[in-house]
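*Asks:* Got a structure for you, written out below as structure tokens; questions coming shortly.
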Amino acid sequence: IPNGLWIGKLFKKIDLREEGSKNIGASNAFRILGFWLGFFTLILDVLKSALVVLIIKYLLPESYSIITLFNLNLNITIIYGLSAILGHSYSVFLKFKGGKAVAASLGVVFSLTPLIGVIALLTYIIVVLTTHYASLGSTIATLLVGVGTTIRHFLLTPEKRDLLSLIIYWVIIVIIIIRHLPNYKRLLKKEENKL
């Protein structure tokens with residue numbers, strides 16, 4: 001569900017695909033729709049992936065989240081989160097276009113590794129408040145999630161490690177960085193939109 005799009009149209013009669021960075025994500029919603037509607041967009045984008053993971057994790061039987069492959073028990077909960085992120089970034093409602101996956105990814109991180117999620121969010125806020133570049137905040141916070149989850153993985157005892165989740169985290173990080181390539185080009189040219 002492209003939250004930024006319907007929130008903009010419903011409350012301000014604005015199509016985010018035609019304003020600012022022309023993106024339906026929370027950063028452009030903050031920039032174009034204002035703080036409260038941007039915050040509303042952010043919360044809904046975080047929740048749409050977080051709820052999927054939490055439902056699988058806590059409400060459905062283990063058979064929905066654990067598969068056995070080559071005698072390894074793999075927790076596939078994160079794959080449901082990845083599906084929500086891909087649905088956000090390549091929405092079937094928008095001809096497979098969408099947001100840049102940051103807020104939806106934050107929902108997955110909060111659901112599976114809450115402490116790392118809080119650290120990433122605080123990092124994002126600090127970077128954006130000091131530089132006013134959402135893309136820079138998103139990138140630094142995203143890389144911090146990668147480093148944090150990698151360190152966490154190796155600090156856990158071997159039986160508690162979840163290699164599949166670590167791999168999918170890095171897949172999500174690559175998606176976010178690829179989705180931000182145009183932003184990096186604008187940053188280098190000093191043409192990036194400020195938040």
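By convention in this document, the chains of the structure tokens carry letters A, B, ... by their order, each chain's residues are numbered from 1, and ligands are numbered from 1 in the order they are shown.
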Can you pull out the residues contacting region 171-177 of chain A? Cut-off 12 Å, using only C-alpha atoms, and skip same-chain residues under 4 positions away; I want them as number ranges by chain.
*Replies:* A: 78-79, 81-86, 88-90, 99-106, 108-109, 135-147, 149, 164-167, 181-184
*Asks:* Considering only C-alpha atoms, can you say which of A:Ile76, A:Leu115, A:Leu33, A:Ile7 comes closest to Glu19 (chain A)?
*Replies:*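 The answer is A:Leu33, which sits nearest to Glu19 (chain A).
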*Asks:* Would you mind reading off the distance between CA of Gly8 (chain A) and CA of Arg179 (chain A), one decimal, in Å?
*Replies:* 21.7 Å
*Asks:* For a test of reading the model, state the distance in Å between CA of Leu156 (chain A) and CA of Leu47 (chain A), rounded to one decimal.
*Replies:*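 Distance reported for this atom pair: 27.5 Å.
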*Asks:* Which of these, A:Leu59, A:Ile1, A:Ala134, A:Ile14, has the shortest distance to Ala26 (chain A) once you count only C-alpha atoms?
*Replies:*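 Nearest candidate to Ala26 (chain A) out of A:Leu59, A:Ile1, A:Ala134, A:Ile14: A:Ala134.
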*Asks:* Using the chain letters and numbers from this document, which residues of region 54-155 of chain A does DSSP assign to alpha helix (DSSP H), as a PDB file with N, CA, C and O atoms, in the first residue's frame?
*Replies:*
```pdb
ATOM      1  N   LEU A  54       6.019  -9.471  12.848  1.00  0.00           N
ATOM      2  CA  LEU A  54       5.527  -9.779  14.196  1.00  0.00           C
ATOM      3  C   LEU A  54       4.422 -10.836  14.171  1.00  0.00           C
ATOM      4  O   LEU A  54       4.349 -11.685  15.063  1.00  0.00           O
ATOM      5  N   THR A  77      11.547 -16.056   8.935  1.00  0.00           N
ATOM      6  CA  THR A  77      10.696 -14.907   9.273  1.00  0.00           C
ATOM      7  C   THR A  77      11.116 -13.664   8.498  1.00  0.00           C
ATOM      8  O   THR A  77      10.279 -12.912   7.998  1.00  0.00           O
ATOM      9  N   ILE A  78      12.402 -13.434   8.379  1.00  0.00           N
ATOM     10  CA  ILE A  78      12.892 -12.233   7.702  1.00  0.00           C
ATOM     11  C   ILE A  78      12.501 -12.202   6.229  1.00  0.00           C
ATOM     12  O   ILE A  78      12.389 -11.133   5.631  1.00  0.00           O
ATOM     13  N   ILE A  79      12.256 -13.367   5.622  1.00  0.00           N
ATOM     14  CA  ILE A  79      11.850 -13.385   4.213  1.00  0.00           C
ATOM     15  C   ILE A  79      10.472 -12.736   4.046  1.00  0.00           C
ATOM     16  O   ILE A  79      10.210 -12.047   3.063  1.00  0.00           O
ATOM     17  N   TYR A  80       9.607 -12.902   5.038  1.00  0.00           N
ATOM     18  CA  TYR A  80       8.314 -12.213   5.005  1.00  0.00           C
ATOM     19  C   TYR A  80       8.527 -10.699   5.076  1.00  0.00           C
ATOM     20  O   TYR A  80       7.854  -9.926   4.400  1.00  0.00           O
ATOM     21  N   GLY A  81       9.468 -10.287   5.910  1.00  0.00           N
ATOM     22  CA  GLY A  81       9.796  -8.864   5.989  1.00  0.00           C
ATOM     23  C   GLY A  81      10.378  -8.354   4.689  1.00  0.00           C
ATOM     24  O   GLY A  81      10.025  -7.259   4.220  1.00  0.00           O
ATOM     25  N   LEU A  82      11.277  -9.138   4.081  1.00  0.00           N
ATOM     26  CA  LEU A  82      11.852  -8.759   2.789  1.00  0.00           C
ATOM     27  C   LEU A  82      10.750  -8.610   1.740  1.00  0.00           C
ATOM     28  O   LEU A  82      10.774  -7.685   0.922  1.00  0.00           O
ATOM     29  N   SER A  83       9.763  -9.489   1.776  1.00  0.00           N
ATOM     30  CA  SER A  83       8.636  -9.401   0.831  1.00  0.00           C
ATOM     31  C   SER A  83       7.873  -8.088   1.007  1.00  0.00           C
ATOM     32  O   SER A  83       7.488  -7.449   0.023  1.00  0.00           O
ATOM     33  N   ALA A  84       7.675  -7.682   2.255  1.00  0.00           N
ATOM     34  CA  ALA A  84       6.990  -6.406   2.521  1.00  0.00           C
ATOM     35  C   ALA A  84       7.816  -5.228   2.002  1.00  0.00           C
ATOM     36  O   ALA A  84       7.271  -4.271   1.433  1.00  0.00           O
ATOM     37  N   ILE A  85       9.125  -5.309   2.183  1.00  0.00           N
ATOM     38  CA  ILE A  85      10.017  -4.243   1.698  1.00  0.00           C
ATOM     39  C   ILE A  85       9.967  -4.165   0.171  1.00  0.00           C
ATOM     40  O   ILE A  85       9.857  -3.083  -0.405  1.00  0.00           O
ATOM     41  N   LEU A  86      10.032  -5.318  -0.491  1.00  0.00           N
ATOM     42  CA  LEU A  86       9.972  -5.334  -1.958  1.00  0.00           C
ATOM     43  C   LEU A  86       8.622  -4.831  -2.452  1.00  0.00           C
ATOM     44  O   LEU A  86       8.547  -4.120  -3.458  1.00  0.00           O
ATOM     45  N   GLY A  87       7.553  -5.176  -1.727  1.00  0.00           N
ATOM     46  CA  GLY A  87       6.226  -4.679  -2.085  1.00  0.00           C
ATOM     47  C   GLY A  87       6.128  -3.172  -1.940  1.00  0.00           C
ATOM     48  O   GLY A  87       5.413  -2.505  -2.688  1.00  0.00           O
ATOM     49  N   HIS A  88       6.849  -2.624  -0.983  1.00  0.00           N
ATOM     50  CA  HIS A  88       6.874  -1.168  -0.785  1.00  0.00           C
ATOM     51  C   HIS A  88       7.673  -0.484  -1.899  1.00  0.00           C
ATOM     52  O   HIS A  88       7.242   0.530  -2.443  1.00  0.00           O
ATOM     53  N   SER A  89       8.805  -1.059  -2.239  1.00  0.00           N
ATOM     54  CA  SER A  89       9.699  -0.431  -3.215  1.00  0.00           C
ATOM     55  C   SER A  89       9.268  -0.654  -4.663  1.00  0.00           C
ATOM     56  O   SER A  89       9.593   0.154  -5.533  1.00  0.00           O
ATOM     57  N   VAL A 102      13.550   2.536   3.032  1.00  0.00           N
ATOM     58  CA  VAL A 102      14.161   2.850   4.322  1.00  0.00           C
ATOM     59  C   VAL A 102      13.182   2.625   5.474  1.00  0.00           C
ATOM     60  O   VAL A 102      13.481   1.897   6.430  1.00  0.00           O
ATOM     61  N   ALA A 103      12.005   3.228   5.410  1.00  0.00           N
ATOM     62  CA  ALA A 103      11.034   3.092   6.507  1.00  0.00           C
ATOM     63  C   ALA A 103      10.541   1.651   6.626  1.00  0.00           C
ATOM     64  O   ALA A 103      10.428   1.109   7.735  1.00  0.00           O
ATOM     65  N   ALA A 104      10.256   1.012   5.494  1.00  0.00           N
ATOM     66  CA  ALA A 104       9.796  -0.382   5.532  1.00  0.00           C
ATOM     67  C   ALA A 104      10.888  -1.286   6.108  1.00  0.00           C
ATOM     68  O   ALA A 104      10.605  -2.203   6.886  1.00  0.00           O
ATOM     69  N   SER A 105      12.139  -1.009   5.775  1.00  0.00           N
ATOM     70  CA  SER A 105      13.251  -1.790   6.326  1.00  0.00           C
ATOM     71  C   SER A 105      13.401  -1.550   7.824  1.00  0.00           C
ATOM     72  O   SER A 105      13.703  -2.476   8.579  1.00  0.00           O
ATOM     73  N   LEU A 106      13.174  -0.318   8.248  1.00  0.00           N
ATOM     74  CA  LEU A 106      13.242  -0.007   9.676  1.00  0.00           C
ATOM     75  C   LEU A 106      12.220  -0.833  10.458  1.00  0.00           C
ATOM     76  O   LEU A 106      12.509  -1.308  11.557  1.00  0.00           O
ATOM     77  N   GLY A 107      11.047  -1.053   9.860  1.00  0.00           N
ATOM     78  CA  GLY A 107      10.039  -1.886  10.510  1.00  0.00           C
ATOM     79  C   GLY A 107      10.525  -3.306  10.736  1.00  0.00           C
ATOM     80  O   GLY A 107      10.304  -3.893  11.798  1.00  0.00           O
ATOM     81  N   VAL A 108      11.220  -3.855   9.749  1.00  0.00           N
ATOM     82  CA  VAL A 108      11.765  -5.211   9.876  1.00  0.00           C
ATOM     83  C   VAL A 108      12.854  -5.237  10.940  1.00  0.00           C
ATOM     84  O   VAL A 108      12.894  -6.124  11.788  1.00  0.00           O
ATOM     85  N   VAL A 109      13.739  -4.240  10.915  1.00  0.00           N
ATOM     86  CA  VAL A 109      14.834  -4.185  11.889  1.00  0.00           C
ATOM     87  C   VAL A 109      14.285  -4.046  13.306  1.00  0.00           C
ATOM     88  O   VAL A 109      14.732  -4.731  14.229  1.00  0.00           O
ATOM     89  N   PHE A 110      13.291  -3.164  13.493  1.00  0.00           N
ATOM     90  CA  PHE A 110      12.677  -3.016  14.818  1.00  0.00           C
ATOM     91  C   PHE A 110      12.062  -4.329  15.297  1.00  0.00           C
ATOM     92  O   PHE A 110      12.110  -4.649  16.480  1.00  0.00           O
ATOM     93  N   SER A 111      11.470  -5.088  14.386  1.00  0.00           N
ATOM     94  CA  SER A 111      10.790  -6.336  14.747  1.00  0.00           C
ATOM     95  C   SER A 111      11.754  -7.448  15.137  1.00  0.00           C
ATOM     96  O   SER A 111      11.463  -8.241  16.020  1.00  0.00           O
ATOM     97  N   LEU A 112      12.896  -7.504  14.461  1.00  0.00           N
ATOM     98  CA  LEU A 112      13.831  -8.607  14.670  1.00  0.00           C
ATOM     99  C   LEU A 112      15.014  -8.257  15.569  1.00  0.00           C
ATOM    100  O   LEU A 112      15.491  -9.090  16.318  1.00  0.00           O
ATOM    101  N   PRO A 114      15.474  -5.049  17.796  1.00  0.00           N
ATOM    102  CA  PRO A 114      15.007  -3.729  18.228  1.00  0.00           C
ATOM    103  C   PRO A 114      16.107  -2.764  18.668  1.00  0.00           C
ATOM    104  O   PRO A 114      16.041  -1.576  18.342  1.00  0.00           O
ATOM    105  N   LEU A 115      17.120  -3.237  19.372  1.00  0.00           N
ATOM    106  CA  LEU A 115      18.182  -2.341  19.830  1.00  0.00           C
ATOM    107  C   LEU A 115      18.925  -1.732  18.644  1.00  0.00           C
ATOM    108  O   LEU A 115      19.191  -0.525  18.607  1.00  0.00           O
ATOM    109  N   ILE A 116      19.229  -2.550  17.654  1.00  0.00           N
ATOM    110  CA  ILE A 116      19.897  -2.046  16.452  1.00  0.00           C
ATOM    111  C   ILE A 116      18.980  -1.063  15.724  1.00  0.00           C
ATOM    112  O   ILE A 116      19.428  -0.047  15.195  1.00  0.00           O
ATOM    113  N   GLY A 117      17.678  -1.333  15.722  1.00  0.00           N
ATOM    114  CA  GLY A 117      16.714  -0.422  15.114  1.00  0.00           C
ATOM    115  C   GLY A 117      16.712   0.943  15.789  1.00  0.00           C
ATOM    116  O   GLY A 117      16.705   1.980  15.118  1.00  0.00           O
ATOM    117  N   VAL A 118      16.741   0.963  17.108  1.00  0.00           N
ATOM    118  CA  VAL A 118      16.763   2.231  17.853  1.00  0.00           C
ATOM    119  C   VAL A 118      18.048   3.004  17.560  1.00  0.00           C
ATOM    120  O   VAL A 118      18.019   4.216  17.307  1.00  0.00           O
ATOM    121  N   ILE A 119      19.181   2.303  17.562  1.00  0.00           N
ATOM    122  CA  ILE A 119      20.463   2.952  17.270  1.00  0.00           C
ATOM    123  C   ILE A 119      20.464   3.530  15.853  1.00  0.00           C
ATOM    124  O   ILE A 119      20.910   4.660  15.627  1.00  0.00           O
ATOM    125  N   ALA A 120      19.924   2.775  14.899  1.00  0.00           N
ATOM    126  CA  ALA A 120      19.862   3.249  13.507  1.00  0.00           C
ATOM    127  C   ALA A 120      18.966   4.478  13.390  1.00  0.00           C
ATOM    128  O   ALA A 120      19.321   5.446  12.714  1.00  0.00           O
ATOM    129  N   LEU A 121      17.822   4.451  14.054  1.00  0.00           N
ATOM    130  CA  LEU A 121      16.902   5.591  13.991  1.00  0.00           C
ATOM    131  C   LEU A 121      17.537   6.836  14.602  1.00  0.00           C
ATOM    132  O   LEU A 121      17.453   7.931  14.032  1.00  0.00           O
ATOM    133  N   LEU A 122      18.180   6.685  15.750  1.00  0.00           N
ATOM    134  CA  LEU A 122      18.852   7.827  16.387  1.00  0.00           C
ATOM    135  C   LEU A 122      19.972   8.365  15.494  1.00  0.00           C
ATOM    136  O   LEU A 122      20.149   9.587  15.371  1.00  0.00           O
ATOM    137  N   THR A 123      20.711   7.460  14.863  1.00  0.00           N
ATOM    138  CA  THR A 123      21.774   7.875  13.945  1.00  0.00           C
ATOM    139  C   THR A 123      21.197   8.668  12.785  1.00  0.00           C
ATOM    140  O   THR A 123      21.711   9.733  12.416  1.00  0.00           O
ATOM    141  N   TYR A 124      20.107   8.150  12.212  1.00  0.00           N
ATOM    142  CA  TYR A 124      19.439   8.850  11.102  1.00  0.00           C
ATOM    143  C   TYR A 124      19.042  10.263  11.525  1.00  0.00           C
ATOM    144  O   TYR A 124      19.310  11.244  10.814  1.00  0.00           O
ATOM    145  N   ILE A 125      18.401  10.382  12.680  1.00  0.00           N
ATOM    146  CA  ILE A 125      17.928  11.683  13.163  1.00  0.00           C
ATOM    147  C   ILE A 125      19.102  12.647  13.353  1.00  0.00           C
ATOM    148  O   ILE A 125      19.044  13.807  12.920  1.00  0.00           O
ATOM    149  N   ILE A 126      20.188  12.181  13.970  1.00  0.00           N
ATOM    150  CA  ILE A 126      21.352  13.036  14.209  1.00  0.00           C
ATOM    151  C   ILE A 126      21.963  13.509  12.889  1.00  0.00           C
ATOM    152  O   ILE A 126      22.265  14.701  12.717  1.00  0.00           O
ATOM    153  N   VAL A 127      22.131  12.588  11.938  1.00  0.00           N
ATOM    154  CA  VAL A 127      22.731  12.958  10.645  1.00  0.00           C
ATOM    155  C   VAL A 127      21.839  13.945   9.902  1.00  0.00           C
ATOM    156  O   VAL A 127      22.324  14.953   9.358  1.00  0.00           O
ATOM    157  N   VAL A 128      20.525  13.709   9.897  1.00  0.00           N
ATOM    158  CA  VAL A 128      19.613  14.606   9.181  1.00  0.00           C
ATOM    159  C   VAL A 128      19.554  15.974   9.853  1.00  0.00           C
ATOM    160  O   VAL A 128      19.536  17.007   9.171  1.00  0.00           O
ATOM    161  N   LEU A 129      19.542  16.004  11.173  1.00  0.00           N
ATOM    162  CA  LEU A 129      19.505  17.295  11.876  1.00  0.00           C
ATOM    163  C   LEU A 129      20.775  18.104  11.636  1.00  0.00           C
ATOM    164  O   LEU A 129      20.726  19.339  11.608  1.00  0.00           O
ATOM    165  N   THR A 130      21.901  17.438  11.456  1.00  0.00           N
ATOM    166  CA  THR A 130      23.155  18.170  11.256  1.00  0.00           C
ATOM    167  C   THR A 130      23.435  18.491   9.786  1.00  0.00           C
ATOM    168  O   THR A 130      24.039  19.529   9.495  1.00  0.00           O
ATOM    169  N   THR A 131      22.990  17.636   8.867  1.00  0.00           N
ATOM    170  CA  THR A 131      23.305  17.861   7.447  1.00  0.00           C
ATOM    171  C   THR A 131      22.090  18.286   6.620  1.00  0.00           C
ATOM    172  O   THR A 131      22.247  18.857   5.552  1.00  0.00           O
ATOM    173  N   ALA A 134      18.362  13.696   3.966  1.00  0.00           N
ATOM    174  CA  ALA A 134      17.739  12.427   4.353  1.00  0.00           C
ATOM    175  C   ALA A 134      18.478  11.240   3.748  1.00  0.00           C
ATOM    176  O   ALA A 134      18.637  10.196   4.385  1.00  0.00           O
ATOM    177  N   SER A 135      18.953  11.400   2.514  1.00  0.00           N
ATOM    178  CA  SER A 135      19.656  10.297   1.844  1.00  0.00           C
ATOM    179  C   SER A 135      20.941   9.938   2.578  1.00  0.00           C
ATOM    180  O   SER A 135      21.283   8.752   2.703  1.00  0.00           O
ATOM    181  N   LEU A 136      21.642  10.935   3.088  1.00  0.00           N
ATOM    182  CA  LEU A 136      22.874  10.682   3.833  1.00  0.00           C
ATOM    183  C   LEU A 136      22.553   9.989   5.166  1.00  0.00           C
ATOM    184  O   LEU A 136      23.213   9.024   5.550  1.00  0.00           O
ATOM    185  N   GLY A 137      21.516  10.479   5.840  1.00  0.00           N
ATOM    186  CA  GLY A 137      21.082   9.845   7.089  1.00  0.00           C
ATOM    187  C   GLY A 137      20.665   8.403   6.874  1.00  0.00           C
ATOM    188  O   GLY A 137      21.022   7.510   7.657  1.00  0.00           O
ATOM    189  N   SER A 138      19.915   8.172   5.805  1.00  0.00           N
ATOM    190  CA  SER A 138      19.450   6.816   5.486  1.00  0.00           C
ATOM    191  C   SER A 138      20.620   5.881   5.214  1.00  0.00           C
ATOM    192  O   SER A 138      20.646   4.741   5.682  1.00  0.00           O
ATOM    193  N   THR A 139      21.594   6.358   4.461  1.00  0.00           N
ATOM    194  CA  THR A 139      22.741   5.528   4.090  1.00  0.00           C
ATOM    195  C   THR A 139      23.586   5.173   5.308  1.00  0.00           C
ATOM    196  O   THR A 139      23.946   4.004   5.502  1.00  0.00           O
ATOM    197  N   ILE A 140      23.892   6.168   6.134  1.00  0.00           N
ATOM    198  CA  ILE A 140      24.724   5.908   7.315  1.00  0.00           C
ATOM    199  C   ILE A 140      23.996   4.976   8.282  1.00  0.00           C
ATOM    200  O   ILE A 140      24.578   4.013   8.801  1.00  0.00           O
ATOM    201  N   ALA A 141      22.695   5.219   8.498  1.00  0.00           N
ATOM    202  CA  ALA A 141      21.918   4.353   9.385  1.00  0.00           C
ATOM    203  C   ALA A 141      21.836   2.933   8.832  1.00  0.00           C
ATOM    204  O   ALA A 141      21.946   1.947   9.579  1.00  0.00           O
ATOM    205  N   THR A 142      21.676   2.806   7.531  1.00  0.00           N
ATOM    206  CA  THR A 142      21.595   1.495   6.876  1.00  0.00           C
ATOM    207  C   THR A 142      22.900   0.718   7.040  1.00  0.00           C
ATOM    208  O   THR A 142      22.892  -0.475   7.385  1.00  0.00           O
ATOM    209  N   LEU A 143      24.013   1.378   6.798  1.00  0.00           N
ATOM    210  CA  LEU A 143      25.311   0.714   6.956  1.00  0.00           C
ATOM    211  C   LEU A 143      25.562   0.340   8.416  1.00  0.00           C
ATOM    212  O   LEU A 143      26.134  -0.714   8.705  1.00  0.00           O
ATOM    213  N   LEU A 144      25.087   1.176   9.331  1.00  0.00           N
ATOM    214  CA  LEU A 144      25.210   0.876  10.756  1.00  0.00           C
ATOM    215  C   LEU A 144      24.429  -0.391  11.119  1.00  0.00           C
ATOM    216  O   LEU A 144      24.892  -1.208  11.907  1.00  0.00           O
ATOM    217  N   VAL A 145      23.243  -0.557  10.512  1.00  0.00           N
ATOM    218  CA  VAL A 145      22.469  -1.781  10.723  1.00  0.00           C
ATOM    219  C   VAL A 145      23.274  -2.993  10.246  1.00  0.00           C
ATOM    220  O   VAL A 145      23.338  -4.020  10.924  1.00  0.00           O
ATOM    221  N   GLY A 146      23.906  -2.877   9.086  1.00  0.00           N
ATOM    222  CA  GLY A 146      24.716  -3.978   8.572  1.00  0.00           C
ATOM    223  C   GLY A 146      25.853  -4.342   9.500  1.00  0.00           C
ATOM    224  O   GLY A 146      26.068  -5.520   9.820  1.00  0.00           O
ATOM    225  N   VAL A 147      26.575  -3.340   9.954  1.00  0.00           N
ATOM    226  CA  VAL A 147      27.693  -3.581  10.865  1.00  0.00           C
ATOM    227  C   VAL A 147      27.181  -4.149  12.185  1.00  0.00           C
ATOM    228  O   VAL A 147      27.719  -5.130  12.719  1.00  0.00           O
ATOM    229  N   GLY A 148      26.101  -3.543  12.711  1.00  0.00           N
ATOM    230  CA  GLY A 148      25.550  -3.984  13.996  1.00  0.00           C
ATOM    231  C   GLY A 148      25.044  -5.419  13.970  1.00  0.00           C
ATOM    232  O   GLY A 148      25.320  -6.198  14.884  1.00  0.00           O
ATOM    233  N   THR A 149      24.343  -5.785  12.901  1.00  0.00           N
ATOM    234  CA  THR A 149      23.817  -7.152  12.825  1.00  0.00           C
ATOM    235  C   THR A 149      24.935  -8.168  12.596  1.00  0.00           C
ATOM    236  O   THR A 149      24.855  -9.300  13.068  1.00  0.00           O
ATOM    237  N   THR A 150      25.980  -7.757  11.882  1.00  0.00           N
ATOM    238  CA  THR A 150      27.115  -8.657  11.672  1.00  0.00           C
ATOM    239  C   THR A 150      27.843  -8.913  12.998  1.00  0.00           C
ATOM    240  O   THR A 150      28.145 -10.068  13.335  1.00  0.00           O
ATOM    241  N   ILE A 151      28.108  -7.848  13.747  1.00  0.00           N
ATOM    242  CA  ILE A 151      28.759  -8.008  15.054  1.00  0.00           C
ATOM    243  C   ILE A 151      27.883  -8.854  15.976  1.00  0.00           C
ATOM    244  O   ILE A 151      28.367  -9.777  16.641  1.00  0.00           O
ATOM    245  N   ARG A 152      26.586  -8.549  15.989  1.00  0.00           N
ATOM    246  CA  ARG A 152      25.646  -9.293  16.845  1.00  0.00           C
ATOM    247  C   ARG A 152      25.680 -10.783  16.500  1.00  0.00           C
ATOM    248  O   ARG A 152      25.673 -11.640  17.380  1.00  0.00           O
ATOM    249  N   HIS A 153      25.685 -11.080  15.209  1.00  0.00           N
ATOM    250  CA  HIS A 153      25.687 -12.473  14.749  1.00  0.00           C
ATOM    251  C   HIS A 153      26.874 -13.243  15.351  1.00  0.00           C
ATOM    252  O   HIS A 153      26.713 -14.359  15.845  1.00  0.00           O
ATOM    253  N   PHE A 154      28.051 -12.639  15.306  1.00  0.00           N
ATOM    254  CA  PHE A 154      29.244 -13.350  15.775  1.00  0.00           C
ATOM    255  C   PHE A 154      29.391 -13.326  17.296  1.00  0.00           C
ATOM    256  O   PHE A 154      30.157 -14.115  17.850  1.00  0.00           O
ATOM    257  N   LEU A 155      28.651 -12.451  17.967  1.00  0.00           N
ATOM    258  CA  LEU A 155      28.672 -12.441  19.433  1.00  0.00           C
ATOM    259  C   LEU A 155      27.730 -13.493  20.023  1.00  0.00           C
ATOM    260  O   LEU A 155      27.890 -13.895  21.169  1.00  0.00           O
TER     261      LEU A 155
END
```
*Asks:* Counting only C-alpha atoms, which residue out of A:Arg31, A:Arg161, A:Lys185, A:His180 sits closest to Asn75 (chain A)?
*Replies:* A:Arg161
*Asks:* Give me the residues near Lys12 (chain A) as a PDB file with N, CA, C and O atoms, in the first residue's frame, where near means some atom within 12 Å (using only C-alpha atoms) and where sequence neighbours in that chain fewer than 6 positions away do not count.
*Replies:*
```
ATOM      1  N   GLY A   4       2.381   7.095   1.326  1.00  0.00           N
ATOM      2  CA  GLY A   4       2.661   8.494   1.017  1.00  0.00           C
ATOM      3  C   GLY A   4       1.774   9.029  -0.086  1.00  0.00           C
ATOM      4  O   GLY A   4       1.340  10.186  -0.045  1.00  0.00           O
ATOM      5  N   LEU A   5       1.471   8.188  -1.065  1.00  0.00           N
ATOM      6  CA  LEU A   5       0.648   8.616  -2.192  1.00  0.00           C
ATOM      7  C   LEU A   5      -0.770   8.938  -1.749  1.00  0.00           C
ATOM      8  O   LEU A   5      -1.290  10.021  -2.019  1.00  0.00           O
ATOM      9  N   TRP A   6      -1.423   8.006  -1.010  1.00  0.00           N
ATOM     10  CA  TRP A   6      -2.811   8.254  -0.639  1.00  0.00           C
ATOM     11  C   TRP A   6      -2.925   9.326   0.437  1.00  0.00           C
ATOM     12  O   TRP A   6      -3.902  10.086   0.451  1.00  0.00           O
ATOM     13  N   ALA A  29       7.544  12.890   1.820  1.00  0.00           N
ATOM     14  CA  ALA A  29       6.300  13.277   2.492  1.00  0.00           C
ATOM     15  C   ALA A  29       6.576  14.355   3.539  1.00  0.00           C
ATOM     16  O   ALA A  29       5.831  15.346   3.639  1.00  0.00           O
ATOM     17  N   ILE A  32       7.312  17.650   1.537  1.00  0.00           N
ATOM     18  CA  ILE A  32       6.215  18.243   0.769  1.00  0.00           C
ATOM     19  C   ILE A  32       4.933  18.410   1.591  1.00  0.00           C
ATOM     20  O   ILE A  32       4.242  19.433   1.478  1.00  0.00           O
ATOM     21  N   LEU A  33       4.609  17.430   2.427  1.00  0.00           N
ATOM     22  CA  LEU A  33       3.332  17.443   3.139  1.00  0.00           C
ATOM     23  C   LEU A  33       3.416  18.056   4.531  1.00  0.00           C
ATOM     24  O   LEU A  33       2.395  18.338   5.147  1.00  0.00           O
ATOM     25  N   GLY A  34       4.635  18.233   5.034  1.00  0.00           N
ATOM     26  CA  GLY A  34       4.792  18.793   6.375  1.00  0.00           C
ATOM     27  C   GLY A  34       5.075  17.704   7.404  1.00  0.00           C
ATOM     28  O   GLY A  34       5.000  16.506   7.113  1.00  0.00           O
ATOM     29  N   LEU A  37       1.992  14.971   8.540  1.00  0.00           N
ATOM     30  CA  LEU A  37       1.631  14.006   7.493  1.00  0.00           C
ATOM     31  C   LEU A  37       2.848  13.165   7.086  1.00  0.00           C
ATOM     32  O   LEU A  37       2.710  11.982   6.758  1.00  0.00           O
ATOM     33  N   GLY A  38       4.034  13.766   7.147  1.00  0.00           N
ATOM     34  CA  GLY A  38       5.253  12.994   6.913  1.00  0.00           C
ATOM     35  C   GLY A  38       5.448  11.939   7.989  1.00  0.00           C
ATOM     36  O   GLY A  38       5.793  10.793   7.704  1.00  0.00           O
TER      37      GLY A  38
END
```
*Asks:* Could you pull out all residues of region 9-148 of chain A with a DSSP call of strand (DSSP E) and give them as a VMD selection string?
*Replies:* chain A and resid 66 to 69 72 to 75
*Asks:* Could you tell me which of A:Leu195, A:Ala50, A:Ile24, A:Leu60 comes closest to Gly98 (chain A) if we count only C-alpha atoms?
*Replies:*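 When distances to Gly98 (chain A) are compared using only C-alpha atoms, the smallest one comes from A:Ile24.
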*Asks:* So the first atom is CA of Lys97 (chain A) and the second is CA of Pro2 (chain A); what is the distance between them in Å, to one decimal place?
*Replies:*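 Atom-to-atom, CA of Lys97 (chain A) and CA of Pro2 (chain A) are spaced 9.6 Å apart.
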